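Have a look at the structure below, then the notes.
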Amino acid sequence: MALKGRDIISIKDLSREEIEEVLKVAHRMIPIAEGKKIDRRLDGIILALAFLEPSTRTRLSFETAAQRLGGRCITIADPATSSVVKGETLSDTIRMLSGYADALVLRHPNEGAARLAGQISDKPVINAGDGAGQHPTQTLLDLATIQEAHGTLNGLRVVLLGDLKYGRTVHSLAHALALFGAEIVLISPPSLKLPDEVTEHLDQMGARVREEEQLHRAVRDADVLYVTRIQKERFGDETEYAKVAGSYRIDNAVLSGAKPRLIVMHPLPRLGEIAPEVDGSPHAAYFRQAFLGVPVRMALLSLVLTGKGT
Amino acid sequence: MAAPRELKITPIKNGTVIDHIGNGLSLEVLRIIGVQELDKDSTVSVALHVRSQKMGWKDIVKVENMELSPRKVNAIALIAPTATISIIRDYKVREKRPVDLPEHIVGVARCPTPNCITTRGAPGESELEVARRRPVVLRCIYCERQMDDFLAHLI
């Protein structure tokens with residue numbers, strides 16, 4: 001496996017075999033992530049976390065992942081407290097951090113920033129989200145969640161629901177699902193459909209993709225229901241937003257016709273797309289999904305920094 | 001007896017002939033060539049809407065005393081992928097080839113994505129890869145967004 005020393009910028013940079021390897025290692029990392037086993041394979045390693053756009057969940061899970069494996073982190077948690085606010089360019093920040101640390105994790109408000117950072121840095125760069133662009137570790141943890149629940153990724157029927165136009169997680173996830181032969185069912189308001197270029201890309205991959213209009217019909221035979229945020233600012237009119245948001249809300253009544261093994265996922269934070277009553281249901285997988293971000297990032301750090309999978 | 005061949009544009013001694021340009025695209029080709037940078041004694045001839053056996057209608061551009069840089073050839077390939085380029089020296093065609101769109105196009109067109117790092121003063125040149133050839137669709141290697149409207153974004 002050749003992930004050692006590699007940049008992880010986009011899920012498209014990884015082959016199916018490489019994704020499978022990350023998921024396999026992530027599964028082995030779970031007891032370490034839970035604190036039930038000790039493993040110090042990143043002892044002596046320093047990871048630079050450059051979060052030039054605020055993010056709580058992703059930053060904390062990278063910090064946790066590094067520290068669970070004995071590594072240390074130097075962190076820019078808020079650009080307002082770094083030289084970026086003085087006008088330092090991204091390339092200067094990256095050059096400086098690659099001099100200090102063994103690998104860089106970058107979150108940035110501009111699309112393509114991570115690819116540029118990878119070209120500048122002589123240390124591996126992991127993309128932790130660049131604007132509306134790529135967020136490969138989110139896709140990997142999404143896949144880990146599905147695989148843990150269903151034992152496979154192949155042949156599943158996955159419903160992608162909500163904002164399919166702007167939601168960056170959905171585009172990467174759809175690519176990965178196509179790579180593993182899952183059937184993809186799309187359900188969204190007409191103004192927030194999957195962009196044509198993503199649809200064309202999935203067609204070129206030979207993916208099985210179809211659109212569905214009725215939520216209850218989509219849920220009925222699904223194995224995975226992946227819910228995304230529908231943001232108010234995407235609508236000019238508040239009434240229109242309220243109508244759309246209401247019609248895509250997941251509650252126990254919507255799930256009453258679902259298969260017992262259906263899992264409901266969400267990249268979080270949620271804004272009312274999933275009713276709190278679902279939290280206690282066996283279908284709810286979104287908190288497990290958030291937890292799996294830690295072992296997945298542990299696996300990636302281990303493979304990129306040490307080449308060690310086991 | 002075959003009808004005598006009518007020359008629409010007079011021959012040039014030295015320079016470049018860009019033939020088989022899609023009908024109506026020659027003015028864009030001139031923009032790429034950068035006519036203002038030419039030697040003041042050079043003549044530029046443009047033929048619009050010329051009959052073509054292969055294409056139906058085509059445009060032709062002849063430029064005296066100039067050979068195109070690879071960057072300009074790549075830019076022409078973007079908007080006129082059917083074009084052929086002939087290098088003329090001493091009234092003779094020394095080299096003739098179709099334009100060839102490379103897999104990666106560096107410094108020819110800007111990514112149109114407003115939030116792309118390349119439009120935010122990042123160092124280095126824009127780099128686009130060919131996502132589709134007919135019709136041409138390019139993808140920014142940084143933000144991965146696709147573009148098919150190059151004319152508005154040529155550098």
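In the structure tokens, chains take the letters A, B, ... in the order shown, each chain's residues start at 1, and ligands count up from 1 in the order shown.
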All helix (DSSP H, G or I) residues (DSSP, backbone) inside range 8-127 of chain B, as a ChimeraX atom specification: /B:26-33,35-37,70-79,117-119
If you keep N, CA, C and O atoms, can you produce a file of those selected residues as an mmCIF file, in the first residue's frame?
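Result file is out31.cif:
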data_model
loop_
_atom_site.group_PDB
_atom_site.id
_atom_site.type_symbol
_atom_site.label_atom_id
_atom_site.label_comp_id
_atom_site.auth_asym_id
_atom_site.auth_seq_id
_atom_site.Cartn_x
_atom_site.Cartn_y
_atom_site.Cartn_z
ATOM 1 N N SER B 26 -12.680 33.526 -36.060
ATOM 2 C CA SER B 26 -11.356 34.088 -36.370
ATOM 3 C C SER B 26 -11.034 35.328 -35.534
ATOM 4 O O SER B 26 -9.877 35.582 -35.213
ATOM 5 N N LEU B 27 -12.056 36.093 -35.162
ATOM 6 C CA LEU B 27 -11.771 37.294 -34.377
ATOM 7 C C LEU B 27 -11.262 36.914 -32.982
ATOM 8 O O LEU B 27 -10.409 37.593 -32.414
ATOM 9 N N GLU B 28 -11.767 35.788 -32.465
ATOM 10 C CA GLU B 28 -11.255 35.292 -31.179
ATOM 11 C C GLU B 28 -9.817 34.819 -31.338
ATOM 12 O O GLU B 28 -8.986 35.008 -30.450
ATOM 13 N N VAL B 29 -9.538 34.177 -32.479
ATOM 14 C CA VAL B 29 -8.164 33.729 -32.736
ATOM 15 C C VAL B 29 -7.220 34.938 -32.794
ATOM 16 O O VAL B 29 -6.124 34.919 -32.238
ATOM 17 N N LEU B 30 -7.686 36.013 -33.431
ATOM 18 C CA LEU B 30 -6.860 37.233 -33.496
ATOM 19 C C LEU B 30 -6.582 37.783 -32.098
ATOM 20 O O LEU B 30 -5.503 38.272 -31.802
ATOM 21 N N ARG B 31 -7.596 37.680 -31.259
ATOM 22 C CA ARG B 31 -7.436 38.169 -29.883
ATOM 23 C C ARG B 31 -6.331 37.367 -29.174
ATOM 24 O O ARG B 31 -5.517 37.903 -28.442
ATOM 25 N N ILE B 32 -6.328 36.049 -29.414
ATOM 26 C CA ILE B 32 -5.315 35.192 -28.783
ATOM 27 C C ILE B 32 -3.926 35.519 -29.349
ATOM 28 O O ILE B 32 -2.951 35.618 -28.601
ATOM 29 N N ILE B 33 -3.858 35.703 -30.669
ATOM 30 C CA ILE B 33 -2.559 35.986 -31.296
ATOM 31 C C ILE B 33 -1.975 37.283 -30.733
ATOM 32 O O ILE B 33 -0.778 37.398 -30.511
ATOM 33 N N VAL B 35 -2.710 40.852 -31.888
ATOM 34 C CA VAL B 35 -2.294 41.595 -33.085
ATOM 35 C C VAL B 35 -1.463 42.827 -32.717
ATOM 36 O O VAL B 35 -0.534 43.217 -33.434
ATOM 37 N N GLN B 36 -1.752 43.403 -31.547
ATOM 38 C CA GLN B 36 -1.032 44.622 -31.157
ATOM 39 C C GLN B 36 0.449 44.366 -30.903
ATOM 40 O O GLN B 36 1.260 45.278 -30.918
ATOM 41 N N GLU B 37 0.797 43.082 -30.696
ATOM 42 C CA GLU B 37 2.213 42.771 -30.416
ATOM 43 C C GLU B 37 3.014 42.551 -31.705
ATOM 44 O O GLU B 37 4.212 42.306 -31.657
ATOM 45 N N PRO B 70 3.895 27.999 -28.091
ATOM 46 C CA PRO B 70 3.057 26.850 -27.703
ATOM 47 C C PRO B 70 1.839 27.267 -26.886
ATOM 48 O O PRO B 70 0.767 26.693 -27.018
ATOM 49 N N ARG B 71 1.998 28.297 -26.055
ATOM 50 C CA ARG B 71 0.875 28.742 -25.225
ATOM 51 C C ARG B 71 -0.272 29.261 -26.102
ATOM 52 O O ARG B 71 -1.436 28.974 -25.860
ATOM 53 N N LYS B 72 0.084 30.009 -27.145
ATOM 54 C CA LYS B 72 -0.955 30.535 -28.034
ATOM 55 C C LYS B 72 -1.609 29.408 -28.848
ATOM 56 O O LYS B 72 -2.807 29.432 -29.097
ATOM 57 N N VAL B 73 -0.798 28.420 -29.246
ATOM 58 C CA VAL B 73 -1.368 27.277 -29.971
ATOM 59 C C VAL B 73 -2.377 26.546 -29.078
ATOM 60 O O VAL B 73 -3.471 26.178 -29.513
ATOM 61 N N ASN B 74 -2.031 26.374 -27.795
ATOM 62 C CA ASN B 74 -2.956 25.711 -26.864
ATOM 63 C C ASN B 74 -4.251 26.500 -26.714
ATOM 64 O O ASN B 74 -5.340 25.925 -26.643
ATOM 65 N N ALA B 75 -4.113 27.830 -26.660
ATOM 66 C CA ALA B 75 -5.313 28.667 -26.514
ATOM 67 C C ALA B 75 -6.196 28.551 -27.759
ATOM 68 O O ALA B 75 -7.419 28.476 -27.656
ATOM 69 N N ILE B 76 -5.551 28.509 -28.948
ATOM 70 C CA ILE B 76 -6.331 28.369 -30.184
ATOM 71 C C ILE B 76 -7.010 26.990 -30.211
ATOM 72 O O ILE B 76 -8.174 26.857 -30.604
ATOM 73 N N ALA B 77 -6.294 25.978 -29.735
ATOM 74 C CA ALA B 77 -6.864 24.623 -29.713
ATOM 75 C C ALA B 77 -8.132 24.569 -28.862
ATOM 76 O O ALA B 77 -9.055 23.801 -29.130
ATOM 77 N N LEU B 78 -8.165 25.421 -27.833
ATOM 78 C CA LEU B 78 -9.339 25.445 -26.955
ATOM 79 C C LEU B 78 -10.586 25.924 -27.685
ATOM 80 O O LEU B 78 -11.651 25.332 -27.551
ATOM 81 N N ILE B 79 -10.435 27.027 -28.428
ATOM 82 C CA ILE B 79 -11.636 27.605 -29.046
ATOM 83 C C ILE B 79 -11.846 27.130 -30.471
ATOM 84 O O ILE B 79 -12.940 27.208 -31.001
ATOM 85 N N ILE B 117 -8.941 29.004 -5.093
ATOM 86 C CA ILE B 117 -7.707 29.589 -4.550
ATOM 87 C C ILE B 117 -6.911 30.304 -5.648
ATOM 88 O O ILE B 117 -6.216 31.274 -5.385
ATOM 89 N N THR B 118 -7.025 29.846 -6.907
ATOM 90 C CA THR B 118 -6.248 30.474 -7.993
ATOM 91 C C THR B 118 -6.765 31.866 -8.348
ATOM 92 O O THR B 118 -6.072 32.633 -8.998
ATOM 93 N N THR B 119 -7.989 32.172 -7.934
ATOM 94 C CA THR B 119 -8.498 33.519 -8.204
ATOM 95 C C THR B 119 -8.282 34.431 -6.997
ATOM 96 O O THR B 119 -8.720 35.564 -6.979
#
Exercise answer, chain B residues close to chain A, 7 Å and only C-alpha atoms, as a VMD selection string: chain B and resid 115 to 117 142 to 143
For Arg208 in chain A: contacts at 12 Å, only C-alpha atoms, fewer than 2 positions along chain excluded, given as JSON, numbers by chain: {"A": [154, 155, 156, 157, 158, 159, 174, 175, 177, 178, 179, 180, 181, 182, 183, 184, 185, 186, 199, 200, 201, 202, 203, 204, 205, 206, 210, 211]}
Shell around Phe150 in chain B at 8 Å using only C-alpha atoms, local window under 2 positions removed, as an MDAnalysis selection string: chainID B and resid 78:79 109 147:148 152:154
Val93 in chain B surroundings by only C-alpha atoms, 10 Å radius, close-in-sequence under 6 positions cut, as an MDAnalysis selection string: chainID B and resid 13:17 86:87
Produce a file of the selected residues containing N, CA, C and O atoms, as a short mmCIF file (atom, residue, chain, number, x, y, z; two decimals), in the first residue's frame.
data_model
loop_
_atom_site.label_atom_id
_atom_site.label_comp_id
_atom_site.auth_asym_id
_atom_site.auth_seq_id
_atom_site.Cartn_x
_atom_site.Cartn_y
_atom_site.Cartn_z
N LYS B 13 5.15 35.69 -47.42
CA LYS B 13 6.52 35.19 -47.58
C LYS B 13 6.93 34.39 -46.34
O LYS B 13 7.37 33.26 -46.43
N ASN B 14 6.77 35.02 -45.19
CA ASN B 14 7.10 34.34 -43.92
C ASN B 14 5.96 34.58 -42.94
O ASN B 14 5.43 35.70 -42.88
N GLY B 15 5.66 33.58 -42.15
CA GLY B 15 4.62 33.78 -41.14
C GLY B 15 3.83 32.52 -40.86
O GLY B 15 4.34 31.40 -41.02
N THR B 16 2.58 32.69 -40.46
CA THR B 16 1.76 31.56 -40.03
C THR B 16 0.37 31.66 -40.66
O THR B 16 -0.21 32.76 -40.70
N VAL B 17 -0.12 30.53 -41.11
CA VAL B 17 -1.50 30.47 -41.61
C VAL B 17 -2.29 29.57 -40.68
O VAL B 17 -1.89 28.43 -40.42
N SER B 86 -0.03 26.26 -40.31
CA SER B 86 1.06 26.07 -41.27
C SER B 86 2.10 27.17 -41.05
O SER B 86 1.75 28.35 -40.95
N ILE B 87 3.35 26.75 -40.97
CA ILE B 87 4.44 27.72 -40.85
C ILE B 87 4.98 27.96 -42.27
O ILE B 87 5.36 27.00 -42.96
#
Backbone-only DSSP, strand (DSSP E) members of range 62-284 of chain A, as a PyMOL selection string: chain A and resi 72-76+103-108+125-130+157-161+183-187+208-211+224-227+263-265
Using the selection just defined, write its residues with C-alpha atoms as a compact mmCIF listing (two decimals), in the first residue's frame.
# COMPACT_ATOMS: atom_id res chain seq x y z
CA ARG A 72 1.46 15.74 19.15
CA CYS A 73 -0.30 18.62 17.46
CA ILE A 74 0.51 22.25 16.82
CA THR A 75 -2.70 24.01 15.94
CA ILE A 76 -3.99 27.17 14.31
CA ALA A 103 2.45 16.35 8.22
CA LEU A 104 -0.12 19.10 7.74
CA VAL A 105 -3.87 19.05 8.06
CA LEU A 106 -5.47 22.01 6.30
CA ARG A 107 -8.92 23.51 6.49
CA HIS A 108 -9.35 26.55 4.26
CA VAL A 125 -0.93 17.42 3.35
CA ILE A 126 -4.33 16.10 4.39
CA ASN A 127 -7.32 18.13 3.25
CA ALA A 128 -9.76 18.75 6.10
CA GLY A 129 -12.17 20.66 3.85
CA ASP A 130 -11.52 23.49 1.38
CA ARG A 157 -29.22 1.20 -1.96
CA VAL A 158 -28.18 4.61 -0.62
CA VAL A 159 -30.57 7.55 -0.58
CA LEU A 160 -28.94 10.99 -0.68
CA LEU A 161 -31.41 13.55 0.63
CA GLU A 183 -27.14 2.13 -6.07
CA ILE A 184 -27.63 5.85 -5.53
CA VAL A 185 -31.10 7.36 -5.10
CA LEU A 186 -31.32 11.16 -5.19
CA ILE A 187 -34.06 13.17 -3.52
CA ARG A 208 -26.58 3.21 -10.96
CA VAL A 209 -28.24 6.53 -10.15
CA ARG A 210 -31.93 7.46 -10.11
CA GLU A 211 -34.05 10.30 -8.82
CA VAL A 224 -28.81 4.00 4.00
CA LEU A 225 -30.53 7.39 4.26
CA TYR A 226 -27.92 10.14 4.06
CA VAL A 227 -29.44 13.45 5.14
CA ILE A 263 -29.27 3.56 8.92
CA VAL A 264 -29.81 7.33 9.01
CA MET A 265 -26.66 9.38 8.56
Two-atom distance - CA of Leu151 in chain B, CA of Lys62 in chain B (Å):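 According to the coordinates, CA of Leu151 in chain B and CA of Lys62 in chain B are separated by 20.9 Å.
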One-decimal distance in Å that lies between CA of Phe287 in chain A and CA of Pro189 in chain A: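 Separation of CA of Pro189 in chain A and CA of Phe287 in chain A: 25.8 Å.
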7 Å contact set for Gly5 in chain A, only C-alpha atoms, chain neighbours under 4 positions out, as a count of residues only: 3
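When CA of Gly107 in chain B is paired with CA of Glu129 in chain B, their separation reads 11.5 Å.
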Non-local contacts of Asp92 in chain A (12 Å; only C-alpha atoms; under 2 positions in same chain excluded) as number ranges by chain: A: 83-84, 87-90, 94-99, 116-117, 120-121; B: 122-123
Go ahead and write the residues just picked, N, CA, C and O atoms, as a short mmCIF file (atom, residue, chain, number, x, y, z; two decimals), in the first residue's frame.
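Wrote part28.cif, looks like this:
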data_model
loop_
_atom_site.label_atom_id
_atom_site.label_comp_id
_atom_site.auth_asym_id
_atom_site.auth_seq_id
_atom_site.Cartn_x
_atom_site.Cartn_y
_atom_site.Cartn_z
N SER A 83 -0.86 34.61 11.98
CA SER A 83 -0.33 35.64 11.07
C SER A 83 -1.18 35.83 9.84
O SER A 83 -0.98 36.77 9.08
N VAL A 84 -2.13 34.89 9.62
CA VAL A 84 -3.01 35.01 8.46
C VAL A 84 -3.77 36.33 8.52
O VAL A 84 -3.98 37.00 7.51
N GLY A 87 -2.15 39.17 7.05
CA GLY A 87 -2.03 39.15 5.59
C GLY A 87 -1.04 38.13 5.08
O GLY A 87 -0.67 38.17 3.91
N GLU A 88 -0.58 37.22 5.94
CA GLU A 88 0.35 36.20 5.47
C GLU A 88 -0.33 35.33 4.41
O GLU A 88 -1.48 34.94 4.57
N THR A 89 0.39 35.01 3.34
CA THR A 89 -0.22 34.21 2.27
C THR A 89 -0.28 32.74 2.70
O THR A 89 0.47 32.30 3.57
N LEU A 90 -1.16 32.01 2.01
CA LEU A 90 -1.29 30.59 2.30
C LEU A 90 0.04 29.88 2.07
O LEU A 90 0.47 29.05 2.88
N ILE A 94 2.05 27.63 4.79
CA ILE A 94 2.31 26.21 4.53
C ILE A 94 3.82 25.92 4.61
O ILE A 94 4.24 24.94 5.23
N ARG A 95 4.63 26.80 4.01
CA ARG A 95 6.09 26.58 4.06
C ARG A 95 6.59 26.58 5.50
O ARG A 95 7.41 25.76 5.88
N MET A 96 6.07 27.49 6.30
CA MET A 96 6.49 27.58 7.69
C MET A 96 6.09 26.29 8.44
O MET A 96 6.92 25.67 9.09
N LEU A 97 4.83 25.89 8.29
CA LEU A 97 4.35 24.71 9.02
C LEU A 97 5.06 23.44 8.55
O LEU A 97 5.33 22.55 9.37
N SER A 98 5.38 23.35 7.27
CA SER A 98 6.04 22.12 6.81
C SER A 98 7.47 22.06 7.32
O SER A 98 8.08 21.00 7.35
N GLY A 99 7.99 23.21 7.75
CA GLY A 99 9.29 23.20 8.42
C GLY A 99 9.20 22.72 9.87
O GLY A 99 10.16 22.21 10.42
N LEU A 116 -3.13 23.18 -3.69
CA LEU A 116 -2.01 24.12 -3.78
C LEU A 116 -1.03 23.87 -2.63
O LEU A 116 0.19 23.84 -2.83
N ALA A 117 -1.57 23.66 -1.42
CA ALA A 117 -0.71 23.41 -0.26
C ALA A 117 0.13 22.16 -0.48
O ALA A 117 1.32 22.12 -0.13
N ILE A 120 3.09 22.93 -2.49
CA ILE A 120 4.08 23.78 -1.83
C ILE A 120 4.84 23.02 -0.75
O ILE A 120 6.04 23.16 -0.59
N SER A 121 4.10 22.19 0.00
CA SER A 121 4.69 21.53 1.17
C SER A 121 5.54 20.33 0.78
O SER A 121 5.19 19.58 -0.12
N ALA B 122 -3.21 33.37 -5.47
CA ALA B 122 -2.28 32.29 -5.18
C ALA B 122 -1.08 32.37 -6.12
O ALA B 122 -1.22 32.82 -7.26
N PRO B 123 0.10 31.92 -5.66
CA PRO B 123 1.25 31.95 -6.55
C PRO B 123 1.11 30.92 -7.66
O PRO B 123 0.30 30.00 -7.56
#
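Among the candidate residues B:Leu68, B:Val63, B:Val136, B:Leu128, the one lying nearest to Ala80 in chain B is B:Val136, with distances computed using only C-alpha atoms.
Closest approach to Ile12 in chain B among B:Arg89, B:His49, B:Lys40, B:Lys58 is made by B:Arg89 (distances from only C-alpha atoms).
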Minimum-distance residue to Glu148 in chain A, chosen among A:Lys37, A:Leu3, A:Ala275, A:Lys24 (using only C-alpha atoms):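 Nearest to Glu148 in chain A: A:Lys24.
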